[in-house]
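A.B. asks: Sharing input_19.txt here; it has compact mmCIF, C-alpha atoms and all ligand atoms.
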# COMPACT_ATOMS: atom_id res chain seq x y z
CA MET H 25 6.80 3.16 -36.79
CA LYS H 26 4.59 0.55 -35.16
CA PRO H 27 2.94 1.70 -31.95
CA VAL H 28 4.42 0.74 -28.61
CA ASN H 29 2.33 -1.05 -25.99
CA ALA H 30 -1.05 0.67 -26.03
CA LEU H 31 -1.79 0.40 -22.33
CA LEU H 32 1.55 1.78 -21.21
CA ALA H 33 1.50 4.47 -23.88
CA ASN H 34 -1.79 5.68 -22.45
CA THR H 35 -0.71 5.49 -18.82
CA GLY H 36 -0.12 8.93 -17.34
CA THR H 37 2.52 10.04 -14.85
CA PRO H 38 1.75 8.53 -11.43
CA ILE H 39 -0.19 10.91 -9.17
CA PHE H 40 2.55 10.51 -6.52
CA THR H 41 5.17 11.76 -8.98
CA VAL H 42 2.94 14.60 -10.19
CA MET H 43 2.17 15.88 -6.70
CA SER H 44 5.74 15.46 -5.43
CA ALA H 45 7.05 17.45 -8.39
CA LEU H 46 4.46 20.15 -7.77
CA ALA H 47 5.42 20.18 -4.08
CA VAL H 48 9.09 20.74 -4.99
CA GLN H 49 8.17 23.44 -7.48
CA HIS H 50 6.13 25.35 -4.89
CA ARG H 51 8.34 24.52 -1.90
CA ALA H 52 5.33 22.81 -0.35
CA ILE H 53 5.40 20.41 2.56
CA ASN H 54 4.82 17.08 0.91
CA LEU H 55 2.04 15.19 2.65
CA GLY H 56 1.22 13.57 -0.67
CA GLN H 57 3.52 10.67 -1.52
CA GLY H 58 3.78 8.33 1.47
CA PHE H 59 7.36 8.30 2.70
CA PRO H 60 8.82 9.09 6.13
CA ASP H 61 11.24 12.01 6.41
CA THR H 62 13.78 10.34 8.67
CA ASP H 63 17.04 8.63 7.67
CA GLY H 64 17.74 4.92 7.89
CA PRO H 65 20.74 3.05 9.24
CA ALA H 66 23.87 3.79 7.19
CA ALA H 67 25.74 0.74 8.49
CA ALA H 68 23.95 -1.70 6.20
CA LEU H 69 25.33 0.03 3.16
CA ARG H 70 28.89 -0.78 4.23
CA ASP H 71 28.19 -4.53 3.93
CA GLY H 72 30.82 -5.55 1.39
CA ARG H 73 28.94 -8.50 -0.08
CA ASN H 74 27.59 -6.94 -3.21
CA GLN H 75 27.48 -9.61 -5.92
CA TYR H 76 24.42 -11.48 -7.19
CA PRO H 77 22.66 -13.16 -4.28
CA PRO H 78 20.54 -16.32 -4.66
CA MET H 79 17.53 -15.69 -6.87
CA THR H 80 14.86 -16.17 -4.20
CA GLY H 81 16.75 -14.08 -1.63
CA VAL H 82 19.66 -14.43 0.80
CA ALA H 83 19.18 -17.23 3.32
CA GLU H 84 19.31 -14.82 6.29
CA LEU H 85 16.35 -12.84 4.99
CA ARG H 86 14.26 -15.84 3.97
CA GLN H 87 14.82 -17.29 7.43
CA ALA H 88 13.94 -13.97 9.05
CA VAL H 89 10.72 -13.71 7.02
CA ALA H 90 9.76 -17.25 8.05
CA ALA H 91 10.56 -16.48 11.69
CA ALA H 92 8.55 -13.23 11.58
CA ASN H 93 5.57 -15.14 10.15
CA ALA H 94 5.80 -17.58 13.05
CA ARG H 95 6.28 -14.90 15.70
CA HIS H 96 3.60 -12.45 14.60
CA TYR H 97 0.98 -14.78 13.12
CA GLY H 98 1.74 -18.35 14.22
CA LEU H 99 2.44 -19.44 10.63
CA THR H 100 4.82 -22.29 9.89
CA VAL H 101 6.77 -21.32 6.79
CA ASP H 102 9.63 -23.14 5.06
CA PRO H 103 12.27 -20.46 4.40
CA ASP H 104 13.73 -22.40 1.47
CA ARG H 105 10.53 -23.16 -0.42
CA GLU H 106 7.90 -20.72 0.76
CA VAL H 107 9.59 -17.30 0.74
CA VAL H 108 10.61 -15.23 -2.28
CA VAL H 109 12.42 -11.91 -1.83
CA THR H 110 11.61 -9.23 -4.41
CA SER H 111 12.69 -5.71 -5.24
CA GLY H 112 9.94 -4.07 -3.25
CA ALA H 113 6.30 -4.97 -2.81
CA THR H 114 5.71 -3.37 -6.19
CA GLU H 115 7.63 -6.16 -7.88
CA ALA H 116 6.01 -8.71 -5.57
CA ILE H 117 2.52 -7.63 -6.64
CA THR H 118 3.41 -8.03 -10.31
CA ALA H 119 5.24 -11.31 -9.72
CA CYS H 120 2.30 -12.79 -7.79
CA LEU H 121 -0.21 -11.71 -10.44
CA MET H 122 2.06 -13.09 -13.17
CA ALA H 123 2.26 -16.35 -11.24
CA LEU H 124 -1.51 -16.76 -11.13
CA LEU H 125 -3.06 -15.15 -14.16
CA ASP H 126 -3.67 -16.28 -17.70
CA PRO H 127 -5.28 -13.99 -20.26
CA GLY H 128 -9.04 -13.83 -19.72
CA ASP H 129 -8.92 -14.69 -16.03
CA GLU H 130 -10.94 -12.38 -13.82
CA VAL H 131 -9.43 -10.61 -10.83
CA VAL H 132 -11.51 -8.97 -8.12
CA LEU H 133 -10.11 -5.57 -7.11
CA ILE H 134 -11.37 -3.32 -4.35
CA GLU H 135 -11.65 0.44 -4.87
CA PRO H 136 -10.16 2.78 -3.85
CA LEU H 137 -7.07 0.93 -5.02
CA TYR H 138 -3.31 1.34 -5.14
CA ASP H 139 -2.08 2.60 -8.47
CA THR H 140 -0.19 -0.42 -9.83
CA TYR H 141 -2.97 -2.98 -9.44
CA LEU H 142 -5.12 -2.15 -12.41
CA PRO H 143 -2.42 -1.63 -15.07
CA VAL H 144 -0.65 -4.85 -14.14
CA VAL H 145 -3.85 -6.90 -14.21
CA LYS H 146 -4.65 -5.45 -17.64
CA LEU H 147 -1.11 -5.89 -18.99
CA LEU H 148 -1.39 -9.56 -18.15
CA GLY H 149 -4.54 -9.77 -20.25
CA ALA H 150 -6.72 -10.46 -17.24
CA VAL H 151 -10.09 -8.84 -16.59
CA PRO H 152 -10.57 -6.61 -13.54
CA ARG H 153 -13.85 -6.86 -11.59
CA LEU H 154 -14.08 -3.73 -9.45
CA VAL H 155 -15.92 -3.51 -6.15
CA ARG H 156 -16.23 -0.15 -4.35
CA LEU H 157 -16.04 0.48 -0.64
CA ALA H 158 -18.05 3.47 0.56
CA PRO H 159 -16.87 6.21 2.92
CA PRO H 160 -16.75 7.03 5.71
CA ARG H 161 -16.38 3.51 7.15
CA TRP H 162 -15.28 1.67 4.03
CA ASP H 163 -17.13 -1.48 5.11
CA LEU H 164 -16.99 -4.46 2.77
CA PRO H 165 -20.15 -4.47 0.58
CA ARG H 166 -20.78 -8.18 0.85
CA ALA H 167 -23.48 -8.59 -1.80
CA GLU H 168 -21.43 -6.64 -4.37
CA LEU H 169 -18.32 -8.61 -3.57
CA ALA H 170 -20.13 -11.93 -3.88
CA ALA H 171 -21.59 -10.77 -7.21
CA ALA H 172 -18.10 -9.97 -8.52
CA PHE H 173 -17.04 -13.59 -8.09
CA GLY H 174 -17.91 -16.08 -10.81
CA PRO H 175 -16.62 -19.13 -12.66
CA ARG H 176 -13.79 -17.14 -14.30
CA THR H 177 -12.54 -15.57 -11.06
CA LYS H 178 -8.90 -16.53 -10.60
CA ALA H 179 -8.02 -14.25 -7.71
CA ILE H 180 -8.75 -11.32 -5.46
CA LEU H 181 -6.15 -8.66 -4.75
CA LEU H 182 -6.63 -7.57 -1.16
CA ASN H 183 -4.85 -4.65 0.51
CA SER H 184 -5.11 -4.57 4.29
CA PRO H 185 -4.26 -2.31 6.05
CA MET H 186 -5.45 -0.35 3.09
CA ASN H 187 -3.95 2.52 1.13
CA PRO H 188 -5.47 5.13 0.84
CA THR H 189 -8.32 4.59 3.35
CA GLY H 190 -6.40 3.33 6.38
CA LYS H 191 -9.01 0.58 6.69
CA VAL H 192 -8.06 -2.65 8.43
CA PHE H 193 -10.26 -5.53 7.26
CA THR H 194 -12.08 -7.16 10.17
CA ALA H 195 -12.01 -10.85 11.04
CA ALA H 196 -15.63 -11.14 9.87
CA GLU H 197 -14.88 -9.47 6.53
CA LEU H 198 -11.88 -11.73 6.00
CA ALA H 199 -13.98 -14.79 6.80
CA PHE H 200 -16.53 -13.67 4.20
CA ILE H 201 -13.77 -13.28 1.58
CA ALA H 202 -12.28 -16.63 2.59
CA ASP H 203 -15.62 -18.34 2.02
CA LEU H 204 -15.92 -16.83 -1.46
CA LEU H 205 -12.39 -17.95 -2.33
CA VAL H 206 -13.09 -21.52 -1.32
CA ARG H 207 -16.47 -21.61 -3.05
CA HIS H 208 -15.02 -20.26 -6.28
CA ASP H 209 -11.68 -22.05 -6.05
CA ALA H 210 -9.82 -18.73 -6.28
CA TYR H 211 -6.54 -17.32 -4.94
CA ALA H 212 -5.75 -14.19 -2.94
CA VAL H 213 -2.82 -11.87 -3.49
CA CYS H 214 -2.58 -10.09 -0.15
CA ASP H 215 -0.78 -6.75 -0.17
CA GLU H 216 0.07 -6.44 3.51
CA VAL H 217 2.83 -3.82 3.33
CA TYR H 218 1.27 -1.87 6.24
CA GLU H 219 0.94 -5.02 8.40
CA HIS H 220 2.75 -3.45 11.36
CA LEU H 221 1.21 0.00 11.05
CA THR H 222 -2.10 -0.44 12.89
CA PHE H 223 -3.59 1.77 15.59
CA ASP H 224 -6.03 1.89 18.52
CA GLY H 225 -5.54 -1.79 19.30
CA TRP H 226 -6.47 -2.91 15.79
CA ARG H 227 -4.46 -5.96 14.75
CA HIS H 228 -3.73 -6.96 11.21
CA ILE H 229 -4.91 -10.49 10.38
CA PRO H 230 -3.28 -12.09 7.32
CA LEU H 231 -5.94 -13.81 5.22
CA MET H 232 -3.65 -16.84 4.96
CA THR H 233 -4.01 -17.50 8.69
CA LEU H 234 -7.73 -18.31 8.32
CA PRO H 235 -8.58 -22.01 8.42
CA GLY H 236 -7.98 -23.71 5.07
CA LEU H 237 -6.76 -20.54 3.35
CA TRP H 238 -2.99 -21.15 3.33
CA PRO H 239 -2.96 -23.04 -0.01
CA ARG H 240 -4.76 -20.14 -1.75
CA CYS H 241 -2.87 -17.10 -0.43
CA LEU H 242 0.23 -15.16 -1.35
CA ARG H 243 1.18 -12.63 1.32
CA ILE H 244 3.33 -9.61 0.51
CA GLY H 245 5.41 -7.58 2.98
CA SER H 246 7.73 -4.61 2.46
CA ALA H 247 10.80 -3.43 4.33
CA GLY H 248 10.01 0.03 3.04
CA LYS H 249 7.01 0.29 5.33
CA THR H 250 8.09 -1.93 8.21
CA PHE H 251 11.39 -0.08 8.64
CA SER H 252 10.44 3.35 7.29
CA LEU H 253 12.91 2.97 4.41
CA THR H 254 10.75 3.37 1.36
CA GLY H 255 13.67 3.78 -1.03
CA TRP H 256 15.20 0.41 -0.24
CA LYS H 257 12.70 -1.59 -2.26
CA VAL H 258 12.99 -4.91 -0.51
CA GLY H 259 9.77 -6.93 -0.51
CA TYR H 260 8.97 -10.51 0.46
CA VAL H 261 6.32 -12.98 -0.60
CA THR H 262 5.19 -15.77 1.67
CA ALA H 263 3.24 -18.50 -0.13
CA PRO H 264 2.80 -22.27 -0.19
CA ALA H 265 5.62 -23.96 -2.11
CA PRO H 266 3.66 -24.72 -5.32
CA LEU H 267 2.76 -21.01 -5.64
CA ALA H 268 6.08 -19.63 -4.37
CA GLN H 269 7.86 -21.66 -7.02
CA VAL H 270 5.95 -19.88 -9.78
CA VAL H 271 6.39 -16.47 -8.12
CA ALA H 272 10.15 -17.19 -8.19
CA LYS H 273 9.93 -17.79 -11.94
CA ALA H 274 8.18 -14.47 -12.42
CA HIS H 275 10.83 -12.76 -10.26
CA GLN H 276 13.51 -14.49 -12.36
CA ASN H 277 12.16 -12.71 -15.40
CA LEU H 278 11.51 -9.35 -13.77
CA THR H 279 14.61 -8.51 -11.75
CA PHE H 280 16.19 -11.92 -10.97
CA THR H 281 17.69 -10.69 -7.69
CA THR H 282 17.45 -7.92 -5.09
CA PRO H 283 20.46 -6.05 -3.57
CA PRO H 284 22.07 -8.47 -1.08
CA ASN H 285 23.38 -5.87 1.38
CA LEU H 286 19.90 -4.40 1.79
CA GLN H 287 18.46 -7.90 2.21
CA ARG H 288 20.86 -8.66 5.07
CA ALA H 289 20.01 -5.39 6.79
CA VAL H 290 16.30 -6.16 6.50
CA ALA H 291 16.91 -9.60 8.02
CA VAL H 292 18.42 -7.88 11.07
CA GLY H 293 15.43 -5.56 11.21
CA LEU H 294 12.83 -8.32 11.09
CA ALA H 295 14.42 -9.91 14.14
CA LYS H 296 13.82 -6.78 16.22
CA ASP H 297 11.84 -7.38 19.39
CA GLU H 298 8.21 -6.51 20.04
CA GLY H 299 9.30 -3.16 21.42
CA TYR H 300 10.34 -1.98 17.97
CA PHE H 301 7.05 -2.87 16.31
CA ALA H 302 5.00 -1.46 19.19
CA ALA H 303 6.97 1.80 19.13
CA LEU H 304 6.53 2.08 15.36
CA SER H 305 2.75 1.88 15.50
CA ARG H 306 2.57 4.04 18.65
CA SER H 307 4.60 6.75 17.01
CA LEU H 308 2.54 6.68 13.80
CA GLN H 309 -0.72 6.65 15.75
CA ALA H 310 0.38 9.82 17.55
CA LYS H 311 1.22 11.40 14.20
CA ARG H 312 -2.16 10.39 12.78
CA ASP H 313 -3.84 12.04 15.75
CA ARG H 314 -1.64 15.13 15.53
CA LEU H 315 -2.35 15.76 11.86
CA GLY H 316 -5.97 14.63 12.19
CA ALA H 317 -6.63 17.11 15.01
CA GLY H 318 -4.95 19.87 13.02
CA LEU H 319 -7.03 19.23 9.90
CA ALA H 320 -10.22 18.90 11.96
CA GLY H 321 -9.40 22.24 13.57
CA LEU H 322 -9.45 23.79 10.11
CA GLY H 323 -12.97 22.56 9.47
CA MET H 324 -12.19 19.35 7.63
CA THR H 325 -13.83 16.07 8.62
CA VAL H 326 -11.20 13.40 9.12
CA LEU H 327 -12.30 9.87 8.33
CA PRO H 328 -11.33 7.09 10.71
CA ALA H 329 -8.04 5.34 9.83
CA MET H 330 -6.97 2.22 11.70
CA GLY H 331 -3.70 1.68 9.85
CA SER H 332 -1.23 2.74 7.13
CA TYR H 333 0.51 6.09 6.61
CA PHE H 334 -2.60 7.96 5.55
CA ILE H 335 -5.70 9.82 6.63
CA THR H 336 -8.49 10.90 4.35
CA ALA H 337 -9.97 14.32 4.99
CA ASP H 338 -13.29 15.65 3.73
CA TYR H 339 -12.60 19.27 2.78
CA GLY H 340 -16.26 20.00 1.95
CA GLY H 341 -16.54 22.28 4.96
CA LEU H 342 -13.92 24.65 3.56
CA GLY H 343 -16.16 25.83 0.76
CA PHE H 344 -13.72 25.07 -2.03
CA ALA H 345 -15.32 25.12 -5.46
CA GLY H 346 -13.63 22.43 -7.49
CA ASP H 347 -12.93 18.72 -7.54
CA ASP H 348 -10.37 16.91 -5.40
CA ALA H 349 -7.62 17.14 -8.02
CA ALA H 350 -8.14 20.91 -8.14
CA PHE H 351 -8.17 21.11 -4.36
CA CYS H 352 -4.87 19.22 -3.99
CA ARG H 353 -3.28 21.35 -6.68
CA HIS H 354 -4.64 24.48 -5.03
CA ILE H 355 -3.29 23.73 -1.55
CA THR H 356 0.08 22.69 -2.97
CA GLU H 357 0.49 25.87 -5.00
CA SER H 358 -1.22 28.36 -2.72
CA ALA H 359 -0.91 27.01 0.82
CA GLY H 360 2.39 25.14 0.42
CA VAL H 361 1.05 21.73 1.46
CA ALA H 362 0.70 18.78 -0.93
CA ALA H 363 -1.87 15.99 -0.65
CA ILE H 364 -3.24 13.34 -3.00
CA PRO H 365 -6.77 13.50 -4.46
CA LEU H 366 -8.73 10.37 -3.60
CA SER H 367 -10.06 10.15 -7.16
CA ALA H 368 -6.57 8.99 -8.20
CA PHE H 369 -7.37 5.67 -6.54
CA TYR H 370 -10.39 4.94 -8.75
CA ALA H 371 -10.29 3.35 -12.20
CA ASP H 372 -12.53 6.06 -13.66
CA LEU H 373 -10.95 8.84 -11.57
CA SER H 374 -14.28 9.50 -9.88
CA SER H 375 -14.25 10.34 -6.22
CA PRO H 376 -16.95 9.40 -3.73
CA GLY H 377 -16.74 12.92 -2.28
CA PRO H 378 -14.49 15.89 -1.57
CA TYR H 379 -11.61 13.86 -0.21
CA ALA H 380 -7.85 14.36 0.00
CA ARG H 381 -5.32 11.85 1.31
CA PHE H 382 -2.70 13.24 3.69
CA ALA H 383 0.42 11.27 4.70
CA PHE H 384 1.23 11.63 8.39
CA CYS H 385 4.52 9.67 8.38
CA LYS H 386 6.47 12.90 8.92
CA GLN H 387 8.27 14.62 11.77
CA ASP H 388 5.97 16.36 14.24
CA GLY H 389 7.33 19.80 13.38
CA VAL H 390 6.62 19.20 9.71
CA LEU H 391 3.04 18.15 10.42
CA ASP H 392 2.56 21.22 12.64
CA GLU H 393 3.96 23.52 9.99
CA ALA H 394 1.68 21.96 7.37
CA VAL H 395 -1.37 22.60 9.55
CA ALA H 396 -0.17 26.15 10.29
CA ARG H 397 0.23 26.86 6.57
CA LEU H 398 -3.24 25.54 5.80
CA ALA H 399 -4.66 27.55 8.70
CA ARG H 400 -3.00 30.76 7.45
CA HIS H 401 -4.22 30.09 3.95
CA PHE H 402 -7.81 29.28 4.74
CA ALA H 403 -8.11 32.03 7.34
CA THR H 404 -7.11 34.70 4.83
CA PRO H 405 -10.34 36.50 3.86
CA THR H 406 -8.95 37.33 0.43
CA THR H 407 -8.24 33.69 -0.35
CA LYS H 408 -10.23 32.76 -3.38
CA LEU H 409 -11.38 29.20 -2.91
CA THR H 410 -11.73 28.33 -6.52
CA ALA H 411 -10.30 25.71 -8.79
CA ALA H 412 -8.43 28.43 -10.62
CA GLY H 413 -6.70 29.61 -7.44
N1 LIG U 501 1.35 -1.61 -1.91
C1 LIG U 501 0.83 -0.54 -1.27
C2 LIG U 501 -0.58 -0.59 -0.81
C3 LIG U 501 1.60 0.59 -1.05
O1 LIG U 501 1.08 1.65 -0.45
C4 LIG U 501 2.93 0.60 -1.48
C5 LIG U 501 3.71 1.83 -1.20
N2 LIG U 501 4.49 2.35 -1.73
C6 LIG U 501 3.44 -0.54 -2.16
C7 LIG U 501 2.61 -1.62 -2.35
C8 LIG U 501 4.82 -0.61 -2.71
O2 LIG U 501 5.78 -0.98 -1.78
P1 LIG U 501 7.34 -1.02 -2.14
O3 LIG U 501 7.85 0.34 -1.94
O4 LIG U 501 7.92 -2.03 -1.21
O5 LIG U 501 7.45 -1.44 -3.57
N1 LIG U 502 2.89 4.04 -1.73
C1 LIG U 502 3.20 5.44 -1.75
C2 LIG U 502 1.89 6.22 -1.59
O1 LIG U 502 0.83 5.66 -1.71
C3 LIG U 502 3.84 5.93 -3.00
C4 LIG U 502 4.57 4.99 -3.83
C5 LIG U 502 4.90 5.58 -5.15
O2 LIG U 502 5.31 6.74 -5.23
N2 LIG U 502 4.72 4.83 -6.18
O3 LIG U 502 1.98 7.37 -1.38
What is this file in structure tokens?
Ligand code: PMP
Ligand code: GLN

C.D. replies:
Amino acid sequence: MKPVNALLANTGTPIFTVMSALAVQHRAINLGQGFPDTDGPAAALRDGRNQYPPMTGVAELRQAVAAANARHYGLTVDPDREVVVTSGATEAITACLMALLDPGDEVVLIEPLYDTYLPVVKLLGAVPRLVRLAPPRWDLPRAELAAAFGPRTKAILLNSPMNPTGKVFTAAELAFIADLLVRHDAYAVCDEVYEHLTFDGWRHIPLMTLPGLWPRCLRIGSAGKTFSLTGWKVGYVTAPAPLAQVVAKAHQNLTFTTPPNLQRAVAVGLAKDEGYFAALSRSLQAKRDRLGAGLAGLGMTVLPAMGSYFITADYGGLGFAGDDAAFCRHITESAGVAAIPLSAFYADLSSPGPYARFAFCKQDGVLDEAVARLARHFATPTTKLTAAG
């Protein structure tokens, strides 16, 4: 038989699936895959309106997305022409890239990067240009970024707040990117799913709010992250009408519509007052600090994280002999705590150091138990800290 698509055939199981399965197998606390462990509102599921909604999303949600853009960022958005609802940010990322890219176009991607970016860019026949951020601060390497832009650059894919690093791009970094986009007449697909999950007074700035950038930007949000309901898969793209129109055509050919009852529930959520959003980031900041202090107490060095669900910990101080994939496997199997190796976020699976990503979007007792398990494990003199362990 003729071979199936070569790129997909050679794509392995996602690291999140691998580590979650291993966590279940070993009854480990799962601080790998980033999902909260609390339940959402059941009421929304009793909404009886269950038939195909309008392709670009129910009016209530498009209006709520436009209103949220105005309230949080001062953006004026036409809910009928400049918002497209998708089945999660995952679909939105693909739809936005489909909307922009022709085969041979170059796309600037920043490593470490979220797992769907690279395969989708390649599936569309576009050419990735990778730029690496360096730990521990993950500052934007300006010269390298500028060098990655050229006459064939169609777009940059920017994730801020960033998974897995927890970096929030600064106003100065965004201005530098904005200047490159204008100079090279390029677009930006902005994955902003963690927009409301920022800490220590850091504020997320959408690239599209910078002067002159609106016509070049597509901004992606996710109800999964904003309402701690990762299974709902409701995403939303905000973009100028000429771009949103094409994103809608991509969405038409991917899923066509997104469950209407979930969309209406998300519309209610987006209208929540400032108190909700402040409490969300306050609660996650406390969890970041709780887990961070626990891991630091074990001898790990926790890198600064200004946003997202994740902290990166340097486990070099624990004396483990093995790479990050081996370390994450080891702690899942032997300590009963799962994490994600940072190398999974690099195209060539290389890691800039002994780093593991821990999700802190869990109940306090779960975080405490995870730290206690790691403490018991690493305190045991007989523990063999080897890759084989
Ligand atoms: N982008 C990033 C950076 C993410 O971390 C996630 C998380 N799952 C997604 C996109 C996908 O979001 P969704 O669940 O809405 O598809
Ligand atoms: N975004 C989540 C994470 O980074 C996982 C999403 C997924 O499982 N694909 O952990």

A.B. asks: Using all atoms listed in the file, find each protein or nucleic acid residue lying at most 12 Å from ligand LIG 502 (chain U); present the set as a VMD selection string.

C.D. replies: chain H and resid 37 to 45 54 to 60 112 to 115 136 to 141 183 186 to 190 215 217 to 218 246 248 to 249 252 to 255 257 332 to 335 362 to 366 368 to 369 381 to 385

A.B. asks: Please provide as a PyMOL selection string all residues within 8 Å of Leu315 (chain H), with the sequence filter that same-chain residues fewer than 5 positions apart are discarded (counting all atoms listed in the file).

C.D. replies: chain H and resi 384+391-392+395

A.B. asks: For ligand LIG 501 (chain U), which residue out of H:Thr279, H:Thr62, H:Asn74, H:Thr250 is the nearest one, using all atoms listed in the file?

C.D. replies: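 Looking at the shortest contact to ligand LIG 501 (chain U), the residue is H:Thr250.
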
A.B. asks: In the coordinate frame of the file, compute which residues have an atom within 12 Å of (-13.1, 8.2, -11.8) when using all atoms listed in the file, and state them as an mmCIF file with C-alpha atoms, in the coordinates of the input.

C.D. replies:
data_model
loop_
_atom_site.group_PDB
_atom_site.id
_atom_site.type_symbol
_atom_site.label_atom_id
_atom_site.label_comp_id
_atom_site.auth_asym_id
_atom_site.auth_seq_id
_atom_site.Cartn_x
_atom_site.Cartn_y
_atom_site.Cartn_z
ATOM 1 C CA GLU H 135 -11.650 0.440 -4.870
ATOM 2 C CA PRO H 136 -10.160 2.780 -3.850
ATOM 3 C CA LEU H 137 -7.070 0.930 -5.020
ATOM 4 C CA ARG H 156 -16.230 -0.150 -4.350
ATOM 5 C CA ASP H 347 -12.930 18.720 -7.540
ATOM 6 C CA ASP H 348 -10.370 16.910 -5.400
ATOM 7 C CA ALA H 349 -7.620 17.140 -8.020
ATOM 8 C CA PRO H 365 -6.770 13.500 -4.460
ATOM 9 C CA LEU H 366 -8.730 10.370 -3.600
ATOM 10 C CA SER H 367 -10.060 10.150 -7.160
ATOM 11 C CA ALA H 368 -6.570 8.990 -8.200
ATOM 12 C CA PHE H 369 -7.370 5.670 -6.540
ATOM 13 C CA TYR H 370 -10.390 4.940 -8.750
ATOM 14 C CA ALA H 371 -10.290 3.350 -12.200
ATOM 15 C CA ASP H 372 -12.530 6.060 -13.660
ATOM 16 C CA LEU H 373 -10.950 8.840 -11.570
ATOM 17 C CA SER H 374 -14.280 9.500 -9.880
ATOM 18 C CA SER H 375 -14.250 10.340 -6.220
ATOM 19 C CA PRO H 376 -16.950 9.400 -3.730
ATOM 20 C CA GLY H 377 -16.740 12.920 -2.280
#

A.B. asks: Between atom N2 of ligand LIG 501 (chain U) and CA of Ala359 (chain H), what is the spacing in Å?

C.D. replies: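 These two atoms are separated by 25.4 Å.
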
A.B. asks: Which of these residues is nearest to ligand LIG 501 (chain U), using all atoms listed in the file: H:Asp71, H:Glu219, H:Glu168, H:Asp63?

C.D. replies: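 Closest residue, counting all atoms listed in the file: H:Glu219.
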
A.B. asks: Using only C-alpha atoms, which of H:Gly293, H:Ala91, H:Pro78, H:His208 sits nearest Thr262 (chain H)?

C.D. replies: H:Ala91

A.B. asks: Which residue, H:Met330, H:Ala150, H:Cys214, H:Ala92, has the smallest gap to ligand LIG 501 (chain U) when you use all atoms listed in the file?

C.D. replies: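 For ligand LIG 501 (chain U), the nearest of the candidates is H:Cys214.
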
A.B. asks: Restricting the calculation to all atoms listed in the file, which member of H:Ile229, H:Met122, H:Leu182, H:Val109 is positioned closest to Glu84 (chain H)?

C.D. replies: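 Distance minimum relative to Glu84 (chain H) lands on H:Val109.
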
A.B. asks: Using all atoms of ligand LIG 501 (chain U) listed in the file and a margin of 6 Å per side, can you give the axis-aligned box centre and edge lengths in Å to one decimal, as lines of an AutoDock Vina configuration file?

C.D. replies:
center_x = 3.7
center_y = 0.2
center_z = -2.0
size_x = 20.5
size_y = 16.4
size_z = 15.1

A.B. asks: Which residues are near region 123-126 of chain H? Cut-off 9 Å, all atoms listed in the file, ignore same chain within fewer than 2 positions. Put them as a PyMOL selection string.

C.D. replies: chain H and resi 118-121+128-131+145+148-150+178-179+211+267-274

A.B. asks: Find the residue from H:Pro284, H:Gly225, H:Gly323, H:Gly259 that sits nearest to ligand LIG 501 (chain U); use only C-alpha atoms and all ligand atoms when measuring.

C.D. replies: H:Gly259

A.B. asks: Determine, counting all atoms listed in the file, which protein, DNA and RNA residues have an atom within 12 Å of an atom of Leu204 (chain H); residues of the same chain fewer than 2 positions away are not included. Present the result as a PyMOL selection string.

C.D. replies: chain H and resi 132+166-175+177-180+197-202+206-212+237+240

A.B. asks: Could you list, as a short mmCIF file (atom, residue, chain, number, x, y, z; two decimals) with C-alpha atoms, in the coordinates of the input, every residue within 9 Å of Lys146 (chain H), counting all atoms listed in the file and ignoring same-chain residues fewer than 5 positions away?

C.D. replies:
data_model
loop_
_atom_site.label_atom_id
_atom_site.label_comp_id
_atom_site.auth_asym_id
_atom_site.auth_seq_id
_atom_site.Cartn_x
_atom_site.Cartn_y
_atom_site.Cartn_z
CA LEU H 31 -1.79 0.40 -22.33
CA PRO H 127 -5.28 -13.99 -20.26
CA TYR H 141 -2.97 -2.98 -9.44
CA VAL H 151 -10.09 -8.84 -16.59
CA PRO H 152 -10.57 -6.61 -13.54
#

A.B. asks: Show me, as a VMD selection string, the residues that have an atom within 7 Å of Ser184 (chain H) when counting only C-alpha atoms, minus same-chain residues fewer than 5 positions from it.

C.D. replies: chain H and resid 191 to 193 215 to 216

A.B. asks: Just the number, please: distance in Å from CA of Asp297 (chain H) to CA of Arg95 (chain H), one decimal.

C.D. replies: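 One can read the CA of Asp297 (chain H) to CA of Arg95 (chain H) distance as 10.1 Å.
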
A.B. asks: Figure out the distance between CA of Val108 (chain H) and CA of Tyr76 (chain H), please, to one decimal in Å.

C.D. replies: 15.1 Å
